[in-house]
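Undergrad: This structure is in structure tokens; I'll ask about it shortly.
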Amino acid sequence: MNKLFPYGLLLRQVKVVMPDPGSNPGQALIRHPVQFWIPAFAGMTTLRYIIAGVIMVLFLLVIPAAVLPAAPVSVEILYMNHGPLQSTLKQIRELCGGYGKTLSVSWYDFESTEGEKFMAKKGIHEHTPLVIWIAGKTTVNVNGKEIQFVGFPTGSGPPSFQGKWTPDDLRGALDQAAGEK
């Protein structure tokens, strides 16, 4: 046993000889030039190095994307905190609460300072009891039908403020948005 290498590992002294590219130009990069002191890479061709590098990059990019959770879908709700809308707001809160962390729900009261800033940001100037943005859009394609989440749901609230959507439409849009993320 050697005192420098107590586990019996002895290194061979190898004279490294680089291939002469002039003698055989096509063979200069075919084999690793120091095959004996890097046994894991001995005999690897350049193409194999490239393939191994591509596989490592794919693993480094794909695996974290599959393991990390997706960012939550943004749902922004501008509402008027008035009596006729309370039952609808309760339904929407219950519906959104069922999605857990897949949704990021923000509520903006029409008559609050925060709500006024939000309306200015979104360009809302008219008297609207309820507007729902899902991933930044008020209009969503649900089951092949374009649905705009503005106003009371169909069949509730004053007729002049009723939209053309139902809580089931909202559920379908949220299911679709949460499934896409």
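The chains in the structure tokens are called A, B, ... from first to last as shown; in each chain the residues are counted from 1, and the ligands are counted from 1 in the order shown.
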Do you know which residues are at most 10 Å from region 134-145 of chain A counting only C-alpha atoms, after dropping those on the same chain fewer than 3 positions away, and could you put them as a list in words?
TA: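 Listed by chain and then number, they are Pro72, Val73, Ser74, Val75, Glu76, Ile77, Leu103, Ser104, Val105, Lys122, Val131, Gln148, Phe149, Val150, Asp169, Leu170, Arg171, Gly172, Ala173, Leu174, Asp175, Gln176, Ala177 and Ala178 of chain A.
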Undergrad: I need the strand (DSSP E or B) residues of region 55-92 of chain A per DSSP on the backbone, written as a compact mmCIF listing (two decimals) with C-alpha atoms, in the first residue's frame.
TA:
# COMPACT_ATOMS: atom_id res chain seq x y z
CA VAL A 73 -54.89 32.09 -12.13
CA SER A 74 -55.74 35.74 -11.49
CA VAL A 75 -59.43 36.44 -10.85
CA GLU A 76 -60.36 40.09 -10.27
CA ILE A 77 -63.88 41.00 -9.19
CA LEU A 78 -65.26 44.54 -9.23
CA TYR A 79 -68.59 44.69 -7.41
Undergrad: Quick one: residues within 12 Å of Gly115 (chain A), only C-alpha atoms counted, chain neighbours fewer than 4 positions away excluded, as a list of chain:residue names?
TA: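 Residues near the query, excluding close chain neighbours: A:Glu76, A:Ile77, A:Leu78, A:Tyr79, A:Met80, A:Asn81, A:Ser106, A:Trp107, A:Tyr108, A:Asp109, A:Phe110, A:Glu111, A:Met119, A:Ala120, A:Lys121, A:Lys122, A:Gly123, A:Ile124, A:His125, A:Leu130, A:Val131.
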Undergrad: In Å, with one decimal, what is the gap from CA of Lys101 (chain A) to CA of Pro153 (chain A)?
TA: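 Going from CA of Lys101 (chain A) over to CA of Pro153 (chain A), I get 25.1 Å.
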Undergrad: Could you work out how far CA of Glu146 (chain A) lies from CA of Trp165 (chain A), giving the answer in Å with one decimal?
TA: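 Spanning CA of Trp165 (chain A) to CA of Glu146 (chain A) is a straight-line distance of 9.8 Å.
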